[in-house]
>>> print(open('data-v1.txt').read())   # compact mmCIF, C-alpha atoms (C1' of nucleotides)
# COMPACT_ATOMS: atom_id res chain seq x y z
CA MET B 1 86.93 98.26 -25.90
CA PHE B 2 86.95 100.40 -29.02
CA MET B 3 84.25 103.01 -29.48
CA GLY B 4 83.44 106.33 -31.05
CA THR B 5 83.41 107.53 -34.65
CA SER B 6 85.94 109.57 -36.62
CA TYR B 7 85.81 111.06 -40.08
CA ASN B 8 89.08 111.17 -41.94
CA SER B 9 90.53 110.72 -45.39
CA ILE B 10 92.96 108.53 -47.24
CA ASP B 11 95.72 110.13 -49.30
CA GLU B 12 97.12 109.26 -52.74
CA LYS B 13 99.60 106.92 -51.14
CA ASN B 14 96.80 104.93 -49.52
CA ARG B 15 97.72 106.03 -46.06
CA MET B 16 95.00 106.35 -43.46
CA ILE B 17 95.17 107.75 -39.96
CA VAL B 18 94.04 105.49 -37.18
CA PRO B 19 92.48 108.01 -34.78
CA ALA B 20 94.65 108.48 -31.72
CA LYS B 21 92.05 107.22 -29.27
CA LEU B 22 91.62 103.97 -31.13
CA ARG B 23 95.30 103.68 -31.86
CA ALA B 24 96.05 103.65 -28.17
CA GLY B 25 94.19 100.36 -27.88
CA LEU B 26 96.27 98.68 -30.57
CA GLY B 27 99.86 97.88 -29.91
CA ALA B 28 102.76 98.65 -32.18
CA ARG B 29 101.11 96.73 -34.98
CA CYS B 30 97.69 95.55 -36.00
CA ILE B 31 95.87 93.33 -38.48
CA LEU B 32 93.78 94.81 -41.28
CA THR B 33 91.38 92.57 -43.18
CA LYS B 34 88.06 92.34 -45.01
CA GLY B 35 85.01 92.70 -42.81
CA LEU B 36 81.66 90.99 -43.06
CA ASP B 37 79.86 93.94 -44.58
CA ARG B 38 81.47 96.27 -47.07
CA CYS B 39 84.00 97.48 -44.58
CA LEU B 40 87.42 96.66 -43.22
CA TYR B 41 88.28 95.36 -39.77
CA ILE B 42 91.27 96.30 -37.71
CA TYR B 43 92.15 93.84 -34.95
CA THR B 44 94.70 93.92 -32.23
CA TRP B 45 97.26 91.22 -32.74
CA GLU B 46 95.89 89.35 -29.73
CA ASP B 47 92.28 89.43 -30.86
CA TRP B 48 93.23 88.35 -34.32
CA ASP B 49 94.88 85.33 -32.81
CA LYS B 50 91.69 84.54 -30.88
CA GLN B 51 89.58 84.87 -34.01
CA MET B 52 91.87 82.51 -35.85
CA ASN B 53 91.57 79.96 -33.09
CA LYS B 54 87.80 80.25 -33.19
CA ILE B 55 87.72 79.77 -36.94
CA ALA B 56 90.03 76.81 -36.65
CA GLN B 57 87.26 75.00 -34.76
CA LEU B 58 84.88 75.16 -37.73
CA PRO B 59 84.54 72.07 -39.96
CA GLU B 60 86.62 72.61 -43.06
CA SER B 61 84.59 70.05 -44.98
CA ASP B 62 81.87 72.69 -45.30
CA PRO B 63 82.51 74.80 -48.45
CA LYS B 64 81.05 77.83 -46.71
CA VAL B 65 83.62 77.51 -43.99
CA ARG B 66 86.40 77.35 -46.55
CA ALA B 67 85.10 80.48 -48.26
CA PHE B 68 84.88 82.19 -44.91
CA ILE B 69 88.48 81.33 -44.08
CA ARG B 70 89.63 82.66 -47.43
CA HIS B 71 87.67 85.86 -46.96
CA PHE B 72 89.34 86.52 -43.65
CA CYS B 73 92.84 85.20 -44.06
CA ALA B 74 93.70 85.69 -47.71
CA ASN B 75 93.34 89.42 -47.38
CA ALA B 76 94.71 89.96 -43.93
CA ALA B 77 97.58 92.39 -43.75
CA GLU B 78 99.86 93.04 -40.85
CA CYS B 79 100.20 96.78 -40.53
CA GLU B 80 102.67 99.01 -38.77
CA PHE B 81 102.15 102.63 -37.95
CA ASP B 82 104.36 105.36 -39.32
CA LYS B 83 105.46 108.18 -37.06
CA GLN B 84 102.18 109.98 -37.64
CA GLY B 85 100.06 106.97 -36.71
CA ARG B 86 99.06 105.98 -40.24
CA ILE B 87 98.79 102.57 -41.86
CA ILE B 88 98.80 101.71 -45.55
CA ILE B 89 95.68 100.11 -47.00
CA PRO B 90 96.46 97.49 -49.69
CA GLN B 91 94.75 98.03 -53.06
CA GLU B 92 92.61 94.92 -52.71
CA LEU B 93 91.13 96.00 -49.40
CA LYS B 94 90.66 99.56 -50.54
CA ALA B 95 88.70 98.35 -53.53
CA TYR B 96 86.62 95.93 -51.48
CA ALA B 97 85.48 98.63 -49.10
CA GLY B 98 84.85 101.05 -51.95
CA ILE B 99 87.15 103.61 -50.40
CA GLU B 100 88.09 106.54 -52.58
CA LYS B 101 88.88 109.51 -50.38
CA GLU B 102 86.68 110.07 -47.37
CA LEU B 103 86.37 107.35 -44.77
CA VAL B 104 84.70 106.64 -41.47
CA THR B 105 86.47 104.88 -38.64
CA MET B 106 84.51 103.51 -35.72
CA GLY B 107 85.13 101.43 -32.67
CA ALA B 108 83.05 98.24 -32.54
CA MET B 109 83.84 96.42 -29.31
CA SER B 110 86.93 94.28 -29.85
CA LYS B 111 87.68 95.59 -33.33
CA ILE B 112 87.72 98.75 -35.41
CA GLU B 113 85.67 99.16 -38.57
CA VAL B 114 86.68 101.28 -41.55
CA TRP B 115 84.02 102.38 -44.05
CA SER B 116 83.94 104.42 -47.19
CA ARG B 117 82.09 107.54 -46.14
CA GLU B 118 79.86 107.42 -49.20
CA ILE B 119 78.79 103.87 -48.42
CA TRP B 120 78.35 104.49 -44.74
CA ASP B 121 76.23 107.59 -45.31
CA ALA B 122 74.19 106.02 -48.10
CA PRO B 123 70.45 105.98 -47.38
CA ASP B 124 70.22 102.27 -48.15
CA ASN B 125 72.93 101.29 -45.70
CA GLU B 126 71.27 98.59 -43.64
CA SER B 127 74.21 98.33 -41.31
CA LYS B 128 73.42 101.71 -39.88
CA MET B 129 70.48 101.43 -37.55
CA GLU B 130 68.19 104.37 -37.32
CA ASN B 131 66.56 105.07 -34.05
CA GLU B 132 63.29 103.19 -34.37
CA ASP B 133 65.07 100.07 -35.59
CA PHE B 134 67.37 100.33 -32.68
CA ALA B 135 64.53 100.61 -30.18
CA MET B 136 62.92 97.56 -31.72
CA SER B 137 66.12 95.57 -31.52
CA LEU B 138 66.47 96.43 -27.89
CA ALA B 139 63.15 94.76 -27.18
CA GLU B 140 64.10 91.76 -29.29
CA TYR B 141 67.19 91.12 -27.21
CA ASN B 142 65.50 91.89 -23.90
CA PHE B 143 67.55 94.95 -23.33
CA MET X 1 69.75 106.45 -8.58
CA PHE X 2 69.90 109.74 -10.45
CA MET X 3 67.20 112.35 -9.80
CA GLY X 4 66.42 115.99 -10.35
CA THR X 5 66.55 118.45 -13.23
CA SER X 6 69.07 121.16 -14.06
CA TYR X 7 69.15 123.86 -16.70
CA ASN X 8 72.56 124.69 -18.06
CA SER X 9 74.31 125.60 -21.26
CA ILE X 10 76.94 124.30 -23.61
CA ASP X 11 79.80 126.58 -24.70
CA GLU X 12 81.48 127.05 -28.09
CA LYS X 13 83.90 124.25 -27.31
CA ASN X 14 81.06 121.80 -26.79
CA ARG X 15 81.66 121.53 -23.09
CA MET X 16 78.75 120.85 -20.80
CA ILE X 17 78.59 120.82 -17.02
CA VAL X 18 77.32 117.65 -15.43
CA PRO X 19 75.48 119.04 -12.40
CA ALA X 20 77.39 118.36 -9.22
CA LYS X 21 74.66 116.24 -7.67
CA LEU X 22 74.53 113.92 -10.64
CA ARG X 23 78.27 113.96 -11.10
CA ALA X 24 78.76 112.52 -7.65
CA GLY X 25 77.02 109.35 -8.81
CA LEU X 26 79.37 108.88 -11.73
CA GLY X 27 82.96 107.98 -11.12
CA ALA X 28 85.95 109.64 -12.69
CA ARG X 29 84.57 108.92 -16.14
CA CYS X 30 81.27 108.17 -17.83
CA ILE X 31 79.78 107.10 -21.14
CA LEU X 32 77.78 109.49 -23.29
CA THR X 33 75.62 108.05 -26.05
CA LYS X 34 72.48 108.49 -28.17
CA GLY X 35 69.21 108.03 -26.34
CA LEU X 36 65.97 106.61 -27.64
CA ASP X 37 64.20 109.92 -28.03
CA ARG X 38 66.00 112.98 -29.26
CA CYS X 39 68.21 113.11 -26.23
CA LEU X 40 71.53 111.80 -24.97
CA TYR X 41 72.15 109.28 -22.21
CA ILE X 42 74.96 109.36 -19.70
CA TYR X 43 75.78 106.01 -18.13
CA THR X 44 78.10 105.08 -15.36
CA TRP X 45 81.07 103.14 -16.57
CA GLU X 46 79.91 100.08 -14.65
CA ASP X 47 76.46 100.01 -16.22
CA TRP X 48 77.92 100.45 -19.66
CA ASP X 49 80.35 97.63 -19.09
CA LYS X 50 77.50 95.33 -18.10
CA GLN X 51 75.65 96.14 -21.31
CA MET X 52 78.73 95.56 -23.39
CA ASN X 53 79.32 92.18 -21.83
CA LYS X 54 75.76 91.22 -22.66
CA ILE X 55 76.23 92.25 -26.28
CA ALA X 56 79.52 90.42 -26.54
CA GLN X 57 77.62 87.17 -26.08
CA LEU X 58 75.52 87.64 -29.23
CA PRO X 59 76.51 85.88 -32.47
CA GLU X 60 78.33 88.22 -34.81
CA SER X 61 77.31 86.33 -37.90
CA ASP X 62 73.81 87.77 -37.50
CA PRO X 63 73.66 91.06 -39.46
CA LYS X 64 71.30 92.53 -36.89
CA VAL X 65 73.80 91.91 -34.17
CA ARG X 66 76.47 93.65 -36.17
CA ALA X 67 74.22 96.64 -36.74
CA PHE X 68 73.41 96.60 -33.07
CA ILE X 69 77.06 96.68 -32.05
CA ARG X 70 77.75 99.49 -34.49
CA HIS X 71 74.91 101.57 -33.17
CA PHE X 72 76.03 101.09 -29.61
CA CYS X 73 79.74 101.61 -30.02
CA ALA X 74 79.90 104.10 -32.85
CA ASN X 75 77.64 106.52 -31.01
CA ALA X 76 79.26 106.14 -27.65
CA ALA X 77 81.95 108.36 -26.23
CA GLU X 78 83.99 107.79 -23.13
CA CYS X 79 84.08 111.08 -21.28
CA GLU X 80 86.32 112.40 -18.57
CA PHE X 81 85.59 115.41 -16.46
CA ASP X 82 87.79 118.47 -16.47
CA LYS X 83 88.56 120.26 -13.22
CA GLN X 84 85.26 122.10 -13.45
CA GLY X 85 83.24 118.91 -13.90
CA ARG X 86 82.55 119.32 -17.61
CA ILE X 87 82.55 116.78 -20.41
CA ILE X 88 82.89 117.37 -24.14
CA ILE X 89 79.96 116.44 -26.37
CA PRO X 90 81.07 115.09 -29.77
CA GLN X 91 79.65 116.91 -32.80
CA GLU X 92 77.63 113.93 -33.91
CA LEU X 93 75.80 113.60 -30.61
CA LYS X 94 75.29 117.32 -30.29
CA ALA X 95 73.65 117.37 -33.70
CA TYR X 96 71.51 114.34 -32.95
CA ALA X 97 70.06 115.87 -29.82
CA GLY X 98 69.59 119.22 -31.55
CA ILE X 99 71.62 120.97 -28.89
CA GLU X 100 72.64 124.51 -29.69
CA LYS X 101 73.12 126.42 -26.46
CA GLU X 102 70.66 125.74 -23.67
CA LEU X 103 70.21 122.23 -22.36
CA VAL X 104 68.30 120.30 -19.76
CA THR X 105 69.91 117.59 -17.66
CA MET X 106 67.81 115.20 -15.65
CA GLY X 107 68.31 112.10 -13.59
CA ALA X 108 66.38 109.10 -14.89
CA MET X 109 66.94 106.09 -12.63
CA SER X 110 70.21 104.43 -13.58
CA LYS X 111 71.12 106.97 -16.25
CA ILE X 112 71.11 110.69 -16.94
CA GLU X 113 69.28 112.28 -19.86
CA VAL X 114 70.45 115.39 -21.69
CA TRP X 115 68.01 117.37 -23.82
CA SER X 116 68.15 120.44 -25.93
CA ARG X 117 66.10 122.94 -23.97
CA GLU X 118 64.17 124.04 -27.06
CA ILE X 119 63.17 120.46 -27.83
CA TRP X 120 62.34 119.61 -24.24
CA ASP X 121 60.16 122.69 -23.82
CA ALA X 122 58.46 122.31 -27.19
CA PRO X 123 54.70 121.87 -26.96
CA ASP X 124 54.84 118.83 -29.23
CA ASN X 125 57.39 116.99 -27.13
CA GLU X 126 55.78 113.59 -26.78
CA SER X 127 58.26 112.46 -24.20
CA LYS X 128 56.80 114.93 -21.77
CA MET X 129 53.39 113.51 -21.11
CA GLU X 130 50.80 115.44 -19.24
CA ASN X 131 49.19 113.75 -16.29
CA GLU X 132 46.11 112.09 -17.66
CA ASP X 133 47.95 110.62 -20.62
CA PHE X 134 50.62 108.81 -18.77
CA ALA X 135 48.33 107.73 -16.02
CA MET X 136 46.30 105.97 -18.68
CA SER X 137 49.34 104.36 -20.23
CA LEU X 138 50.57 103.02 -16.95
CA ALA X 139 47.32 101.22 -16.38
CA GLU X 140 48.34 99.07 -19.29
CA TYR X 141 51.26 97.81 -17.24
CA ASN X 142 49.20 97.30 -14.07
CA PHE X 143 50.87 100.17 -12.35
C1' DG T 1 67.55 139.49 7.56
C1' DT T 2 72.23 140.38 6.47
C1' DT T 3 76.85 139.04 5.83
C1' DT T 4 80.33 135.74 4.80
C1' DA T 5 82.20 131.82 2.87
C1' DA T 6 82.28 127.92 0.05
C1' DA T 7 80.98 125.54 -3.85
C1' DA T 8 79.22 125.37 -8.55
C1' DG T 9 79.15 127.01 -13.11
C1' DT T 10 80.99 129.90 -17.13
C1' DG T 11 84.31 131.81 -20.18
C1' DG T 12 88.80 132.49 -22.12
C1' DT T 13 93.83 131.57 -23.16
C1' DG T 14 97.96 129.05 -24.24
C1' DT T 15 100.23 124.77 -25.30
C1' DA T 16 100.69 120.14 -26.95
C1' DT T 17 99.52 116.92 -30.28
C1' DA T 18 96.72 114.82 -33.79
C1' DG T 19 96.16 114.93 -38.50
C1' DT T 20 97.49 116.31 -43.29
C1' DG T 21 100.49 117.11 -47.02
C1' DG T 22 104.72 116.98 -49.09
C1' DT T 23 109.75 115.75 -49.93
C1' DA T 24 113.69 112.83 -49.81
C1' DA T 25 115.70 108.30 -49.81
C1' DT T 26 115.61 103.61 -50.79
C1' DA T 27 114.23 99.70 -53.19
C1' DT T 28 112.32 97.34 -57.33
C1' DG T 29 111.73 96.16 -61.92
C1' DA T 30 112.27 97.08 -66.86
C1' DT O 1 121.04 102.54 -65.99
C1' DC O 2 116.82 104.69 -65.78
C1' DA O 3 112.10 104.98 -64.45
C1' DT O 4 108.79 103.83 -61.22
C1' DA O 5 107.03 102.52 -56.96
C1' DT O 6 107.44 102.16 -52.15
C1' DT O 7 108.92 103.52 -47.75
C1' DA O 8 110.68 106.60 -44.31
C1' DC O 9 111.17 111.19 -42.78
C1' DC O 10 110.02 116.05 -42.03
C1' DA O 11 107.19 120.34 -41.50
C1' DC O 12 103.02 122.80 -41.02
C1' DT O 13 98.18 123.63 -39.42
C1' DA O 14 94.11 123.12 -36.92
C1' DT O 15 92.08 121.28 -33.19
C1' DA O 16 91.58 119.56 -28.75
C1' DC O 17 93.00 119.67 -24.09
C1' DA O 18 94.58 121.50 -19.70
C1' DC O 19 94.81 125.29 -17.03
C1' DC O 20 93.40 129.61 -14.94
C1' DA O 21 90.42 133.45 -13.62
C1' DC O 22 86.05 135.13 -12.77
C1' DT O 23 80.98 135.14 -11.81
C1' DT O 24 77.03 133.32 -9.80
C1' DT O 25 74.59 130.64 -6.75
C1' DT O 26 73.90 128.20 -2.54
C1' DA O 27 74.49 127.46 2.19
C1' DA O 28 75.53 128.81 6.77
C1' DA O 29 76.36 131.67 10.64
C1' DC O 30 75.62 135.73 13.13
>>> encode(input="data-v1.txt", output="structure tokens")
Amino acid sequence: MFMGTSYNSIDEKNRMIVPAKLRAGLGARCILTKGLDRCLYIYTWEDWDKQMNKIAQLPESDPKVRAFIRHFCANAAECEFDKQGRIIIPQELKAYAGIEKELVTMGAMSKIEVWSREIWDAPDNESKMENEDFAMSLAEYNF
Amino acid sequence: MFMGTSYNSIDEKNRMIVPAKLRAGLGARCILTKGLDRCLYIYTWEDWDKQMNKIAQLPESDPKVRAFIRHFCANAAECEFDKQGRIIIPQELKAYAGIEKELVTMGAMSKIEVWSREIWDAPDNESKMENEDFAMSLAEYNF
DNA sequence: GTTTAAAAGTGGTGTATAGTGGTAATATGA
DNA sequence: TCATATTACCACTATACACCACTTTTAAAC
């Protein structure tokens, strides 16, 4: 179970630190790919496998399903850590997430999300629930 | 069932004591996260786990669910006690609760609430209802 | 009521390691 | 062969963590 938030940066060689606490939950390698919002997902190898199996159940005749598969798989990169615990973010993914320098890494249950700090902190970021929204959602889901 | 109130302080290293009486009800570790008002919640690991399992059932394709997961996980910290029974409060949570030095810790049924003392004692603290007010409100729920 | 002892809470110090930046070596392509 | 890009390696710094010592409070016994 990944959780917690870290603020770090990416260097000119596109290396990013995976915070030690989160790193401990990944093995020797991990999968980096495009997320559903403007962020990147990091999966453990095992969870990635599960996701793939889930997706494999979807009907490929549906164009939306095909687009979904492309979104996930075409950009997936298998990453290994260097001795300092960093992975390299491919250009394509970096661009997709709008990452320039500062980034936010957060645990999100079975995966890790990586955001550009500017995008994450932006006032119009709908993915970031403010407190009242959150309280409302709690009621909605009978929490 | 957590009960009682304690007044303590946080030090420069963001360490706070979990009062011994409350600590006994938590195991070796606990979860610290944002509360609904301007306070923090401490959950037992078991309670947290239950909540997480509930959330894991929700469909991730729903943007609200994703935001929900982010709010829950990103703001949560798994805490372990040091030999003196203290936990470390992450910067983000400290800022959210407006904690500077003095804090109030109170048992609240299945969880523990942590408040900045200044905010808790403030005359405009709506969370601290005086008798007539809350008695009225409870009538609404047939209490 | 006073004394004693144990537990709870506070503060500080040193060490390990996480994170950052840079350099060297290897590979790749022109 | 040379220039560029990529990868692996190394070194430094700041922070976080574990440990220790002390103070204060609470409880208990005389």
>>> interface_residues(input="data-v1.txt", of="chain O", to="chain X", cutoff="12 Å", atoms="only C-alpha atoms (C1' of nucleotides)", output="NGL selection string")
:O and (15-20)
>>> calpha_fit_rmsd(input="data-v1.txt", fixed="chain B", moving="chain X")
1.5 Å
>>> atom_distance(input="data-v1.txt", atom1="CA of Ser127 in chain X", atom2="CA of Ala24 in chain X")
26.3 Å
>>> interface_residues(input="data-v1.txt", of="chain T", to="chain X", cutoff="9 Å", atoms="all atoms listed in the file", output="list in words")
DA8, DG9, DT10 and DG11 of chain T
>>> closest_residue(input="data-v1.txt", among="B:Met136, B:Met109, B:Ile119, B:Ile69", to="chain X", atoms="all atoms listed in the file")
B:Met109
>>> atom_distance(input="data-v1.txt", atom1="CA of Thr33 in chain B", atom2="CA of Glu102 in chain B")
18.6 Å
>>> residues_around(input="data-v1.txt", residues="Cys73 in chain B", least_positions_apart="3", cutoff="9 Å", atoms="all atoms listed in the file", output="short mmCIF file (atom, residue, chain, number, x, y, z; two decimals) with C-alpha atoms, in the frame of the given file")
data_model
loop_
_atom_site.label_atom_id
_atom_site.label_comp_id
_atom_site.auth_asym_id
_atom_site.auth_seq_id
_atom_site.Cartn_x
_atom_site.Cartn_y
_atom_site.Cartn_z
CA THR B 33 91.38 92.57 -43.18
CA LYS B 34 88.06 92.34 -45.01
CA MET B 52 91.87 82.51 -35.85
CA PHE B 68 84.88 82.19 -44.91
CA ILE B 69 88.48 81.33 -44.08
CA ARG B 70 89.63 82.66 -47.43
CA ALA B 76 94.71 89.96 -43.93
CA ALA B 77 97.58 92.39 -43.75
#
>>> residues_around(input="data-v1.txt", residues="DA30 in chain T", least_positions_apart="6", cutoff="12 Å", atoms="all atoms listed in the file", output="mmCIF file with C-alpha atoms (C1' of nucleotides), in the coordinates of the input")
data_model
loop_
_atom_site.group_PDB
_atom_site.id
_atom_site.type_symbol
_atom_site.label_atom_id
_atom_site.label_comp_id
_atom_site.auth_asym_id
_atom_site.auth_seq_id
_atom_site.Cartn_x
_atom_site.Cartn_y
_atom_site.Cartn_z
ATOM 1 C "C1'" DT O 1 121.040 102.540 -65.990
ATOM 2 C "C1'" DC O 2 116.820 104.690 -65.780
ATOM 3 C "C1'" DA O 3 112.100 104.980 -64.450
ATOM 4 C "C1'" DT O 4 108.790 103.830 -61.220
#
>>> atom_distance(input="data-v1.txt", atom1="CA of Glu113 in chain X", atom2="CA of Gly4 in chain X")
10.6 Å
>>> residues_around(input="data-v1.txt", residues="DA28 in chain O", least_positions_apart="3", cutoff="10 Å", atoms="all atoms listed in the file", output="number ranges by chain")
T: 4-6
>>> interface_residues(input="data-v1.txt", of="chain X", to="chain B", cutoff="10 Å", atoms="all atoms listed in the file", output="mmCIF file with C-alpha atoms, keeping the file's coordinate frame")
data_model
loop_
_atom_site.group_PDB
_atom_site.id
_atom_site.type_symbol
_atom_site.label_atom_id
_atom_site.label_comp_id
_atom_site.auth_asym_id
_atom_site.auth_seq_id
_atom_site.Cartn_x
_atom_site.Cartn_y
_atom_site.Cartn_z
ATOM 1 C CA THR X 33 75.620 108.050 -26.050
ATOM 2 C CA LYS X 34 72.480 108.490 -28.170
ATOM 3 C CA GLY X 35 69.210 108.030 -26.340
ATOM 4 C CA LEU X 36 65.970 106.610 -27.640
ATOM 5 C CA ASP X 37 64.200 109.920 -28.030
ATOM 6 C CA ARG X 38 66.000 112.980 -29.260
ATOM 7 C CA ASP X 49 80.350 97.630 -19.090
ATOM 8 C CA GLN X 51 75.650 96.140 -21.310
ATOM 9 C CA MET X 52 78.730 95.560 -23.390
ATOM 10 C CA ASN X 53 79.320 92.180 -21.830
ATOM 11 C CA LYS X 54 75.760 91.220 -22.660
ATOM 12 C CA ILE X 55 76.230 92.250 -26.280
ATOM 13 C CA ALA X 56 79.520 90.420 -26.540
ATOM 14 C CA LEU X 58 75.520 87.640 -29.230
ATOM 15 C CA GLU X 60 78.330 88.220 -34.810
ATOM 16 C CA SER X 61 77.310 86.330 -37.900
ATOM 17 C CA PRO X 63 73.660 91.060 -39.460
ATOM 18 C CA LYS X 64 71.300 92.530 -36.890
ATOM 19 C CA VAL X 65 73.800 91.910 -34.170
ATOM 20 C CA ARG X 66 76.470 93.650 -36.170
ATOM 21 C CA ALA X 67 74.220 96.640 -36.740
ATOM 22 C CA PHE X 68 73.410 96.600 -33.070
ATOM 23 C CA ILE X 69 77.060 96.680 -32.050
ATOM 24 C CA ARG X 70 77.750 99.490 -34.490
ATOM 25 C CA HIS X 71 74.910 101.570 -33.170
ATOM 26 C CA PHE X 72 76.030 101.090 -29.610
ATOM 27 C CA CYS X 73 79.740 101.610 -30.020
ATOM 28 C CA ALA X 74 79.900 104.100 -32.850
ATOM 29 C CA ASN X 75 77.640 106.520 -31.010
ATOM 30 C CA ALA X 76 79.260 106.140 -27.650
ATOM 31 C CA ALA X 77 81.950 108.360 -26.230
ATOM 32 C CA GLU X 78 83.990 107.790 -23.130
ATOM 33 C CA PRO X 90 81.070 115.090 -29.770
ATOM 34 C CA GLU X 92 77.630 113.930 -33.910
#
>>> axis_aligned_box(input="data-v1.txt", around="range 3-9 of chain T", padding_each_side="4 Å", output="JSON")
{"center_x": 79.6, "center_y": 132.2, "center_z": -3.6, "size_x": 13.4, "size_y": 21.7, "size_z": 26.9}
>>> closest_residue(input="data-v1.txt", among="T:DG21, T:DA7, T:DG14, T:DG1", to="DA11 in chain O", atoms="all atoms listed in the file")
T:DG21
>>> decode(input="data-v1.txt", residues="chain T", atoms="C-alpha atoms (C1' of nucleotides)", output="short mmCIF file (atom, residue, chain, number, x, y, z; two decimals), in the first residue's frame")
data_model
loop_
_atom_site.label_atom_id
_atom_site.label_comp_id
_atom_site.auth_asym_id
_atom_site.auth_seq_id
_atom_site.Cartn_x
_atom_site.Cartn_y
_atom_site.Cartn_z
"C1'" DG T 1 0.67 14.98 54.50
"C1'" DT T 2 5.19 13.73 53.12
"C1'" DT T 3 8.37 10.89 50.82
"C1'" DT T 4 9.63 7.70 47.32
"C1'" DA T 5 9.39 5.51 43.10
"C1'" DA T 6 7.82 4.81 38.61
"C1'" DA T 7 6.12 6.38 34.46
"C1'" DA T 8 5.37 10.02 31.08
"C1'" DG T 9 6.97 13.79 28.49
"C1'" DT T 10 10.73 17.01 26.63
"C1'" DG T 11 15.01 18.26 24.62
"C1'" DG T 12 19.41 17.50 22.50
"C1'" DT T 13 23.24 14.95 20.04
"C1'" DG T 14 25.45 11.92 16.81
"C1'" DT T 15 25.19 8.78 12.97
"C1'" DA T 16 23.35 6.73 8.88
"C1'" DT T 17 21.21 7.39 4.66
"C1'" DA T 18 18.35 9.68 1.32
"C1'" DG T 19 18.74 12.87 -2.17
"C1'" DT T 20 21.40 15.89 -5.40
"C1'" DG T 21 24.93 17.06 -8.52
"C1'" DG T 22 28.70 16.02 -11.16
"C1'" DT T 23 32.32 13.16 -13.65
"C1'" DA T 24 33.96 9.26 -16.13
"C1'" DA T 25 33.18 5.48 -19.22
"C1'" DT T 26 30.73 3.27 -22.71
"C1'" DA T 27 27.89 3.06 -26.55
"C1'" DT T 28 25.73 5.11 -30.74
"C1'" DG T 29 25.39 7.46 -34.89
"C1'" DA T 30 27.17 10.71 -38.33
#
